[in-house]
Structures are given as C-alpha cells and as structure tokens.
file structure.cif (mmCIF, C-alpha atoms)
data_structure
loop_
_atom_site.group_PDB
_atom_site.id
_atom_site.type_symbol
_atom_site.label_atom_id
_atom_site.label_comp_id
_atom_site.auth_asym_id
_atom_site.auth_seq_id
_atom_site.Cartn_x
_atom_site.Cartn_y
_atom_site.Cartn_z
ATOM 1 C CA MET I 104 0.000 0.000 0.000
ATOM 2 C CA ASN I 105 1.148 3.527 -0.789
ATOM 3 C CA ILE I 106 -0.485 6.732 0.313
ATOM 4 C CA ASP I 107 0.029 10.179 -1.131
ATOM 5 C CA ILE I 108 -1.476 13.433 -0.033
ATOM 6 C CA LEU I 109 -2.166 16.379 -2.280
ATOM 7 C CA VAL I 110 -3.887 19.680 -1.652
ATOM 8 C CA SER I 111 -5.947 20.901 -4.583
ATOM 9 C CA GLY I 112 -9.108 22.921 -5.201
ATOM 10 C CA GLY I 113 -9.753 23.453 -1.489
ATOM 11 C CA TYR I 114 -9.575 19.747 -0.715
ATOM 12 C CA THR I 115 -6.939 17.521 0.770
ATOM 13 C CA ILE I 116 -6.800 14.526 -1.523
ATOM 14 C CA ILE I 117 -5.576 11.263 -0.065
ATOM 15 C CA GLY I 118 -4.581 8.826 -2.786
ATOM 16 C CA VAL I 119 -4.428 5.211 -1.698
ATOM 17 C CA GLU I 120 -2.706 2.721 -3.930
ATOM 18 C CA GLY I 121 -2.577 -1.072 -3.795
ATOM 19 C CA ARG I 122 -4.121 -3.217 -1.071
ATOM 20 C CA VAL I 123 -5.677 -2.214 2.226
ATOM 21 C CA ASP I 124 -5.990 -5.350 4.308
ATOM 22 C CA THR I 125 -5.512 -6.707 7.829
ATOM 23 C CA THR I 126 -1.732 -6.399 7.563
ATOM 24 C CA ASN I 127 -1.679 -2.656 6.831
ATOM 25 C CA ALA I 128 -5.054 -1.130 7.778
ATOM 26 C CA ASP I 129 -3.462 0.449 10.882
ATOM 27 C CA GLU I 130 -1.031 2.331 8.680
ATOM 28 C CA PHE I 131 -3.877 3.554 6.481
ATOM 29 C CA GLU I 132 -5.848 4.599 9.562
ATOM 30 C CA LYS I 133 -2.907 6.594 10.949
ATOM 31 C CA ALA I 134 -2.367 8.408 7.669
ATOM 32 C CA VAL I 135 -6.016 9.382 7.286
ATOM 33 C CA VAL I 136 -6.557 10.272 10.940
ATOM 34 C CA ASN I 137 -3.418 12.456 10.842
ATOM 35 C CA VAL I 138 -4.934 14.495 8.037
ATOM 36 C CA PHE I 139 -8.217 14.782 9.910
ATOM 37 C CA GLU I 140 -6.537 15.732 13.181
ATOM 38 C CA SER I 141 -4.512 18.478 11.563
ATOM 39 C CA GLY I 142 -7.829 20.331 11.324
ATOM 40 C CA ILE I 143 -8.563 19.670 7.671
ATOM 41 C CA ASN I 144 -12.255 19.212 7.126
ATOM 42 C CA LYS I 145 -12.552 18.761 3.366
ATOM 43 C CA ILE I 146 -11.109 15.430 2.340
ATOM 44 C CA ILE I 147 -11.312 13.364 -0.822
ATOM 45 C CA ILE I 148 -10.041 9.804 -0.769
ATOM 46 C CA ASP I 149 -8.989 8.937 -4.299
ATOM 47 C CA CYS I 150 -9.452 5.177 -4.772
ATOM 48 C CA SER I 151 -8.408 4.998 -8.428
ATOM 49 C CA GLU I 152 -5.331 2.919 -7.552
ATOM 50 C CA LEU I 153 -6.946 0.927 -4.756
ATOM 51 C CA ASN I 154 -7.276 -2.643 -5.971
ATOM 52 C CA TYR I 155 -8.184 -4.592 -2.846
ATOM 53 C CA ILE I 156 -9.912 -3.882 0.438
ATOM 54 C CA SER I 157 -11.039 -6.122 3.283
ATOM 55 C CA SER I 158 -13.207 -5.393 6.322
ATOM 56 C CA SER I 159 -10.212 -3.979 8.191
ATOM 57 C CA GLY I 160 -9.897 -1.300 5.501
ATOM 58 C CA LEU I 161 -13.648 -0.649 5.415
ATOM 59 C CA ARG I 162 -13.454 -0.083 9.154
ATOM 60 C CA VAL I 163 -11.050 2.832 8.576
ATOM 61 C CA PHE I 164 -13.410 4.470 6.065
ATOM 62 C CA LEU I 165 -16.253 4.233 8.582
ATOM 63 C CA ILE I 166 -14.155 5.652 11.437
ATOM 64 C CA VAL I 167 -13.202 8.665 9.328
ATOM 65 C CA GLN I 168 -16.747 9.218 8.134
ATOM 66 C CA LYS I 169 -17.991 9.205 11.728
ATOM 67 C CA LYS I 170 -15.347 11.777 12.682
ATOM 68 C CA MET I 171 -16.203 13.961 9.692
ATOM 69 C CA ILE I 172 -19.924 13.888 10.431
ATOM 70 C CA ALA I 173 -19.256 14.755 14.073
ATOM 71 C CA THR I 174 -17.205 17.808 13.060
ATOM 72 C CA LYS I 175 -19.424 18.750 10.095
ATOM 73 C CA GLY I 176 -16.599 18.134 7.653
ATOM 74 C CA VAL I 177 -16.849 16.879 4.097
ATOM 75 C CA LEU I 178 -15.567 13.464 3.070
ATOM 76 C CA LYS I 179 -15.837 12.335 -0.538
ATOM 77 C CA LEU I 180 -14.609 9.191 -2.230
ATOM 78 C CA CYS I 181 -13.844 8.943 -5.905
ATOM 79 C CA SER I 182 -12.859 6.538 -8.661
ATOM 80 C CA LEU I 183 -13.748 3.231 -7.011
ATOM 81 C CA ARG I 184 -12.888 0.222 -9.163
ATOM 82 C CA SER I 185 -15.712 -2.241 -9.763
ATOM 83 C CA GLY I 186 -14.468 -4.853 -7.266
ATOM 84 C CA ILE I 187 -14.154 -2.243 -4.532
ATOM 85 C CA ARG I 188 -17.526 -0.764 -5.426
ATOM 86 C CA GLU I 189 -19.096 -4.204 -5.074
ATOM 87 C CA ILE I 190 -17.725 -4.532 -1.541
ATOM 88 C CA PHE I 191 -19.022 -1.060 -0.680
ATOM 89 C CA ASP I 192 -22.452 -2.002 -2.057
ATOM 90 C CA ILE I 193 -22.626 -5.298 -0.147
ATOM 91 C CA SER I 194 -21.544 -3.624 3.087
ATOM 92 C CA GLY I 195 -24.079 -0.815 2.797
ATOM 93 C CA PHE I 196 -21.196 1.662 2.541
ATOM 94 C CA SER I 197 -22.325 3.055 -0.812
ATOM 95 C CA SER I 198 -25.193 4.810 0.949
ATOM 96 C CA ILE I 199 -23.126 6.306 3.775
ATOM 97 C CA PHE I 200 -20.451 7.922 1.604
ATOM 98 C CA SER I 201 -20.551 10.508 -1.164
ATOM 99 C CA ILE I 202 -18.987 8.608 -4.026
ATOM 100 C CA PHE I 203 -17.962 10.287 -7.286
ATOM 101 C CA PRO I 204 -16.914 8.680 -10.556
ATOM 102 C CA ASP I 205 -13.728 10.731 -10.834
ATOM 103 C CA LEU I 206 -11.600 13.262 -8.996
ATOM 104 C CA GLU I 207 -12.787 16.240 -11.061
ATOM 105 C CA SER I 208 -16.434 15.691 -10.201
ATOM 106 C CA ALA I 209 -15.550 15.092 -6.545
ATOM 107 C CA LYS I 210 -13.824 18.508 -6.452
ATOM 108 C CA THR I 211 -16.508 20.458 -8.273
ATOM 109 C CA GLU I 212 -19.846 18.989 -7.195
ATOM 110 C CA MET B 268 -7.065 -25.912 -17.792
ATOM 111 C CA ASP B 269 -5.977 -29.500 -18.422
ATOM 112 C CA ASN B 270 -6.655 -30.971 -15.049
ATOM 113 C CA LEU B 271 -10.251 -30.604 -13.915
ATOM 114 C CA SER B 272 -9.582 -31.569 -10.323
ATOM 115 C CA ASP B 273 -6.673 -29.874 -8.649
ATOM 116 C CA ASP B 274 -5.853 -29.342 -5.006
ATOM 117 C CA ARG B 275 -3.342 -27.019 -3.252
ATOM 118 C CA THR B 276 -2.461 -26.351 0.350
ATOM 119 C CA LEU B 277 -0.854 -23.453 2.215
ATOM 120 C CA LEU B 278 0.123 -23.516 5.884
ATOM 121 C CA ILE B 279 -0.166 -20.258 7.758
ATOM 122 C CA LYS B 280 1.193 -19.485 11.193
ATOM 123 C CA ASN B 281 -1.068 -17.605 13.614
ATOM 124 C CA LYS B 282 0.613 -14.249 12.941
ATOM 125 C CA ILE B 283 -1.023 -11.393 11.060
ATOM 126 C CA ASP B 284 2.029 -10.919 8.819
ATOM 127 C CA GLU B 285 1.481 -14.436 7.539
ATOM 128 C CA LEU B 286 -1.630 -13.202 5.723
ATOM 129 C CA SER B 287 0.646 -11.641 3.132
ATOM 130 C CA LYS B 288 1.327 -15.160 1.812
ATOM 131 C CA VAL B 289 -2.277 -15.535 0.695
ATOM 132 C CA PRO B 290 -2.478 -13.133 -2.290
ATOM 133 C CA SER B 291 0.503 -14.605 -4.154
ATOM 134 C CA PHE B 292 -0.632 -18.163 -3.413
ATOM 135 C CA LEU B 293 -4.090 -17.407 -4.817
ATOM 136 C CA GLU B 294 -2.860 -15.342 -7.735
ATOM 137 C CA GLU B 295 -0.741 -18.189 -9.008
ATOM 138 C CA LEU B 296 -3.632 -20.634 -8.778
ATOM 139 C CA ILE B 297 -6.123 -18.320 -10.407
ATOM 140 C CA ARG B 298 -3.784 -17.682 -13.351
ATOM 141 C CA GLU B 299 -3.111 -21.390 -13.718
ATOM 142 C CA TRP B 300 -6.792 -22.208 -13.568
ATOM 143 C CA GLY B 301 -7.668 -19.372 -15.955
ATOM 144 C CA LEU B 302 -10.108 -17.644 -13.607
ATOM 145 C CA THR B 303 -11.003 -13.958 -13.503
ATOM 146 C CA ASP B 304 -9.652 -11.200 -11.286
ATOM 147 C CA ALA B 305 -13.146 -10.800 -9.839
ATOM 148 C CA ILE B 306 -13.056 -14.373 -8.528
ATOM 149 C CA LEU B 307 -9.542 -13.806 -7.212
ATOM 150 C CA PHE B 308 -10.703 -10.688 -5.339
ATOM 151 C CA ASN B 309 -13.690 -12.440 -3.781
ATOM 152 C CA LEU B 310 -11.757 -15.537 -2.756
ATOM 153 C CA ASN B 311 -8.909 -13.502 -1.338
ATOM 154 C CA LEU B 312 -11.327 -11.417 0.683
ATOM 155 C CA ALA B 313 -13.319 -14.350 2.085
ATOM 156 C CA ILE B 314 -10.124 -16.205 3.000
ATOM 157 C CA GLU B 315 -8.504 -13.149 4.595
ATOM 158 C CA GLU B 316 -11.590 -12.494 6.724
ATOM 159 C CA ALA B 317 -11.688 -16.084 7.971
ATOM 160 C CA LEU B 318 -7.952 -16.295 8.663
ATOM 161 C CA SER B 319 -7.711 -12.912 10.342
ATOM 162 C CA ASN B 320 -10.551 -13.822 12.738
ATOM 163 C CA THR B 321 -8.741 -17.012 13.691
ATOM 164 C CA ILE B 322 -5.370 -15.297 14.098
ATOM 165 C CA LEU B 323 -6.695 -12.298 16.028
ATOM 166 C CA TYR B 324 -9.269 -13.967 18.262
ATOM 167 C CA GLY B 325 -8.742 -17.720 18.094
ATOM 168 C CA TYR B 326 -5.864 -18.408 20.459
ATOM 169 C CA ASN B 327 -5.455 -17.912 24.181
ATOM 170 C CA ASP B 328 -1.802 -18.898 24.334
ATOM 171 C CA SER B 329 1.318 -17.452 22.749
ATOM 172 C CA ASN B 330 2.391 -20.658 21.015
ATOM 173 C CA ASP B 331 2.765 -21.072 17.288
ATOM 174 C CA HIS B 332 -0.203 -22.683 15.631
ATOM 175 C CA PHE B 333 -0.680 -23.623 12.029
ATOM 176 C CA ILE B 334 -3.788 -22.985 10.038
ATOM 177 C CA GLU B 335 -4.243 -25.108 6.967
ATOM 178 C CA LEU B 336 -5.741 -23.497 3.900
ATOM 179 C CA SER B 337 -6.571 -25.827 1.064
ATOM 180 C CA ILE B 338 -8.241 -24.948 -2.165
ATOM 181 C CA LYS B 339 -9.618 -27.193 -4.814
ATOM 182 C CA ILE B 340 -11.186 -26.679 -8.191
ATOM 183 C CA GLU B 341 -13.532 -29.202 -9.676
ATOM 184 C CA ASN B 342 -15.874 -28.686 -12.591
ATOM 185 C CA ARG B 343 -17.174 -25.174 -12.062
ATOM 186 C CA GLN B 344 -16.730 -25.084 -8.327
ATOM 187 C CA ILE B 345 -13.959 -23.815 -6.077
ATOM 188 C CA THR B 346 -13.842 -25.281 -2.589
ATOM 189 C CA VAL B 347 -11.780 -23.658 0.148
ATOM 190 C CA ILE B 348 -11.189 -25.523 3.407
ATOM 191 C CA ILE B 349 -9.719 -23.733 6.398
ATOM 192 C CA GLU B 350 -8.765 -25.933 9.303
ATOM 193 C CA ASP B 351 -7.398 -24.673 12.618
ATOM 194 C CA ASP B 352 -6.986 -25.733 16.240
ATOM 195 C CA ALA B 353 -8.267 -22.410 17.604
ATOM 196 C CA VAL B 354 -11.097 -21.972 20.105
ATOM 197 C CA GLU B 355 -14.451 -23.138 18.840
ATOM 198 C CA PHE B 356 -15.992 -20.522 16.570
ATOM 199 C CA ASP B 357 -18.910 -21.061 14.235
ATOM 200 C CA PRO B 358 -19.180 -18.000 11.981
ATOM 201 C CA THR B 359 -22.423 -19.235 10.441
ATOM 202 C CA THR B 360 -24.261 -18.454 13.696
ATOM 203 C CA LEU B 361 -23.286 -14.761 13.779
ATOM 204 C CA ASN B 362 -25.973 -12.176 13.201
ATOM 205 C CA ASP B 363 -25.560 -9.957 10.165
ATOM 206 C CA PRO B 364 -24.634 -6.323 10.819
ATOM 207 C CA GLU B 365 -27.285 -3.667 10.251
ATOM 208 C CA ILE B 366 -26.072 -2.392 6.926
ATOM 209 C CA PHE B 367 -28.872 0.100 6.304
ATOM 210 C CA GLN B 368 -28.087 2.325 9.273
ATOM 211 C CA PRO B 369 -26.625 5.795 8.704
ATOM 212 C CA ALA B 370 -22.884 6.173 9.371
ATOM 213 C CA GLU B 371 -23.455 7.677 12.827
ATOM 214 C CA LYS B 372 -25.280 4.542 13.938
ATOM 215 C CA ARG B 373 -23.139 1.930 12.241
ATOM 216 C CA THR B 374 -20.983 -0.229 14.446
ATOM 217 C CA VAL B 375 -17.301 -0.242 13.563
ATOM 218 C CA GLY B 376 -16.363 -3.833 12.761
ATOM 219 C CA GLY B 377 -18.406 -6.994 12.372
ATOM 220 C CA LEU B 378 -18.318 -6.975 8.582
ATOM 221 C CA GLY B 379 -15.816 -9.779 8.035
ATOM 222 C CA VAL B 380 -18.054 -12.811 8.434
ATOM 223 C CA PHE B 381 -20.884 -10.998 6.668
ATOM 224 C CA LEU B 382 -18.648 -10.472 3.622
ATOM 225 C CA ILE B 383 -17.687 -14.160 3.619
ATOM 226 C CA LYS B 384 -21.358 -15.138 3.574
ATOM 227 C CA LYS B 385 -22.193 -12.653 0.829
ATOM 228 C CA LEU B 386 -19.253 -13.421 -1.447
ATOM 229 C CA MET B 387 -19.298 -17.204 -1.222
ATOM 230 C CA ASP B 388 -22.126 -19.437 -2.412
ATOM 231 C CA ASN B 389 -21.950 -21.802 0.564
ATOM 232 C CA VAL B 390 -20.394 -21.505 4.008
ATOM 233 C CA LYS B 391 -20.251 -24.630 6.113
ATOM 234 C CA TYR B 392 -18.802 -25.082 9.597
ATOM 235 C CA LYS B 393 -17.854 -28.249 11.470
ATOM 236 C CA ARG B 394 -16.092 -28.863 14.767
ATOM 237 C CA VAL B 395 -14.148 -32.127 14.566
ATOM 238 C CA ASP B 396 -11.529 -33.417 17.047
ATOM 239 C CA LYS B 397 -11.049 -29.964 18.606
ATOM 240 C CA LYS B 398 -10.605 -28.403 15.199
ATOM 241 C CA ASN B 399 -12.640 -25.793 13.375
ATOM 242 C CA ILE B 400 -13.248 -26.733 9.778
ATOM 243 C CA LEU B 401 -14.709 -24.019 7.610
ATOM 244 C CA THR B 402 -15.667 -24.923 4.054
ATOM 245 C CA LEU B 403 -16.370 -22.160 1.556
ATOM 246 C CA THR B 404 -17.743 -22.897 -1.866
ATOM 247 C CA LYS B 405 -17.811 -20.625 -4.866
ATOM 248 C CA PHE B 406 -19.408 -21.529 -8.199
ATOM 249 C CA PHE B 407 -18.182 -19.821 -11.333
#

call {"tool": "encode", "arguments": {"input": "structure.cif", "output": "structure tokens"}}
result
Amino acid sequence: MNIDILVSGGYTIIGVEGRVDTTNADEFEKAVVNVFESGINKIIIDCSELNYISSSGLRVFLIVQKKMIATKGVLKLCSLRSGIREIFDISGFSSIFSIFPDLESAKTE
Amino acid sequence: MDNLSDDRTLLIKNKIDELSKVPSFLEELIREWGLTDAILFNLNLAIEEALSNTILYGYNDSNDHFIELSIKIENRQITVIIEDDAVEFDPTTLNDPEIFQPAEKRTVGGLGVFLIKKLMDNVKYKRVDKKNILTLTKFF
C-alpha cells in the first residue's frame, strides 16, 4: 500500500494505492486520521489505484466518516474500481459515503 | 485448464504478517486455472476475513499454531477448506450487521463474516476433534 497526499481545489486529496488489508489497515488509519486531526475538514479519498480492500480497511473508512460527520466536515470518495464498489455495495457503505466517478467531479460537485 | 480436479495447500502461522502469503498463493492458482480477477478478489477477501478472525481472536496462548488453507477446483466449483486448532468458533451463527443504518449509527467492525457469507455461495462449519473446519464454496 502507498499513500500520497495532495492539496488541490480546497480539498486535501488522499490517494491510496494497492491493497488495504488486515496487515496494513493500521497504517492507512494513521495516515487518514493524521490528516483529519490536523484540522482539515474537506477530504477526498482517491481510490483509483486501490485494488483490494477487506473489512479492516472498510473499518477505517467508517471511522473517518464518523469523525467527519461529528465535526461537520466533508468526506468524498472517488474513482472506485468495480471490485471495490461491489464490496461497498454489499456492506451498505455506498449509501453512507458521497462517491464520485472521478476526482474532477468530486472537487466540483 | 488440463486438469479438472486440482488441489493445493498453504500452511499459515497464527501471525497477522502471515496473511501476506495468501495473495501470491491465490494469484498463481487463479492464473493457472484461468479464472477472472473478480473471482480472485472475492476468494482472497473471504479467506482473509476467515484467517484474520482465527489469528486475532482464536488463540489464548502465545504458542505457534498452524492454520491449513486448502483450495480445490472441480468442474465449475472452487472449494476452500480452512482448518485450525483455535477456540471453537462457528461463523455461520453470527448475526448480520445492520447495513442500512446511517454512518453515525453503524458499528465499527463486524463486517468480516458478513462479507464471507455474501461473497461465497456456501459456508459450512464443522467442529471435529477440537478443530474448526470451515468450508467455503464458490461456483463460477
């Protein structure tokens, strides 16, 4: 897993690449929570390079969404691959996140 | 695919890092058997969820234990058998999480077994000679 962070168009964009699973979900959680705790309240998680996620990774998404709702922040996800989207659908996560087809629409809508 | 019945085994120690052996093991099989990435994803996920539950919650001692993962393809069916000597745990009896709740009300965790049940066609549990035997079946 690789994570990169970019600030663009008023958002902090967290790009996650590779696999988020039981072996590295803690690392993903730290990276995302660090961004949140630095006071940033407009976050996009760019999933275009995310090719695998298990429940330990889903857990991190839910934790961040709960924090963002509690602080009235904005969390958007974009560019989910079909396999990832399927897992979000099955888990009921598609209805608790704002999901955009690509980064541009996530920034502008 | 020349051989219509094929069987492979991987032994995994009860350490989380050991889970990183699973993707390459499965990838090789899936390529050899000519199956799709979607099947690979689903199998990998179901297997990871089962193994991580056993590794994280299944043992009360600090000894090394081995979990046996075997996978077999026959006709249009993949059968995964996970056998461990962990504490008795029947995932088929767990209640499903409430997936239609808003984020504020969702419980963090509890999705692993639910994903196994959703992604596999059959999930069967047996306790035999102090071992948990979980059999997952996927048709393709």

call {"tool": "closest_residue", "arguments": {"input": "structure.cif", "among": "B:Asp396, B:Phe407, B:Leu307, B:Glu355", "to": "Asn342 (chain B)", "atoms": "all atoms listed in the file"}}
result
B:Phe407

call {"tool": "closest_residue", "arguments": {"input": "structure.cif", "among": "B:Phe292, B:Phe367, B:Tyr392, B:Phe406", "to": "chain I", "atoms": "all atoms listed in the file"}}
result
B:Phe367

call {"tool": "residues_near_point", "arguments": {"input": "structure.cif", "point": "(-8.1, 2.5, -6.8)", "cutoff": "10 Å", "atoms": "all atoms listed in the file", "output": "PDB file with C-alpha atoms, in the coordinates of the input"}}
result
ATOM      1  CA  GLY I 118      -4.581   8.826  -2.786  1.00  0.00           C
ATOM      2  CA  VAL I 119      -4.428   5.211  -1.698  1.00  0.00           C
ATOM      3  CA  GLU I 120      -2.706   2.721  -3.930  1.00  0.00           C
ATOM      4  CA  GLY I 121      -2.577  -1.072  -3.795  1.00  0.00           C
ATOM      5  CA  ARG I 122      -4.121  -3.217  -1.071  1.00  0.00           C
ATOM      6  CA  ILE I 148     -10.041   9.804  -0.769  1.00  0.00           C
ATOM      7  CA  ASP I 149      -8.989   8.937  -4.299  1.00  0.00           C
ATOM      8  CA  CYS I 150      -9.452   5.177  -4.772  1.00  0.00           C
ATOM      9  CA  SER I 151      -8.408   4.998  -8.428  1.00  0.00           C
ATOM     10  CA  GLU I 152      -5.331   2.919  -7.552  1.00  0.00           C
ATOM     11  CA  LEU I 153      -6.946   0.927  -4.756  1.00  0.00           C
ATOM     12  CA  ASN I 154      -7.276  -2.643  -5.971  1.00  0.00           C
ATOM     13  CA  TYR I 155      -8.184  -4.592  -2.846  1.00  0.00           C
ATOM     14  CA  ILE I 156      -9.912  -3.882   0.438  1.00  0.00           C
ATOM     15  CA  CYS I 181     -13.844   8.943  -5.905  1.00  0.00           C
ATOM     16  CA  SER I 182     -12.859   6.538  -8.661  1.00  0.00           C
ATOM     17  CA  LEU I 183     -13.748   3.231  -7.011  1.00  0.00           C
ATOM     18  CA  ARG I 184     -12.888   0.222  -9.163  1.00  0.00           C
ATOM     19  CA  SER I 185     -15.712  -2.241  -9.763  1.00  0.00           C
ATOM     20  CA  GLY I 186     -14.468  -4.853  -7.266  1.00  0.00           C
ATOM     21  CA  ILE I 187     -14.154  -2.243  -4.532  1.00  0.00           C
TER      22      ILE I 187
END

call {"tool": "interface_residues", "arguments": {"input": "structure.cif", "of": "chain B", "to": "chain I", "cutoff": "8 Å", "atoms": "all atoms listed in the file", "output": "list in words"}}
result
Ile283, Asp284, Leu286, Ser287, Ala305, Phe308, Leu312, Glu315, Glu316, Ser319, Ile366, Phe367, Pro369, Ala370, Glu371, Val375, Gly376, Leu378, Gly379, Leu382 and Lys385 of chain B

call {"tool": "closest_residue", "arguments": {"input": "structure.cif", "among": "I:Ile106, I:Ile147, I:Ile202, I:Ile117", "to": "Met171 (chain I)", "atoms": "all atoms listed in the file"}}
result
I:Ile147

call {"tool": "atom_distance", "arguments": {"input": "structure.cif", "atom1": "CA of Thr321 (chain B)", "atom2": "CA of Ile306 (chain B)"}}
result
22.8 Å

call {"tool": "atom_distance", "arguments": {"input": "structure.cif", "atom1": "CA of Leu277 (chain B)", "atom2": "CA of Asn311 (chain B)"}}
result
13.3 Å

call {"tool": "residues_around", "arguments": {"input": "structure.cif", "residues": "Lys391 (chain B)", "least_positions_apart": "3", "cutoff": "10 Å", "atoms": "only C-alpha atoms", "output": "ChimeraX atom specification"}}
result
/B:348,357-359,384,400-404

call {"tool": "resolve_selection", "arguments": {"input": "structure.cif", "expression": "the PyMOL selection byres ((chain B and resi 334-339) around 10)", "output": "number ranges by chain"}}
result
B: 271-281, 289, 293, 296, 314, 318, 321-322, 331-333, 340-341, 344-353, 399-404

call {"tool": "resolve_selection", "arguments": {"input": "structure.cif", "expression": "the PyMOL selection byres ((chain I and resi 207) around 12)", "output": "number ranges by chain"}}
result
I: 111-112, 114, 116, 147, 149, 179-182, 203-206, 208-212

call {"tool": "atom_distance", "arguments": {"input": "structure.cif", "atom1": "CA of Ile108 (chain I)", "atom2": "CA of Val138 (chain I)"}}
result
8.8 Å
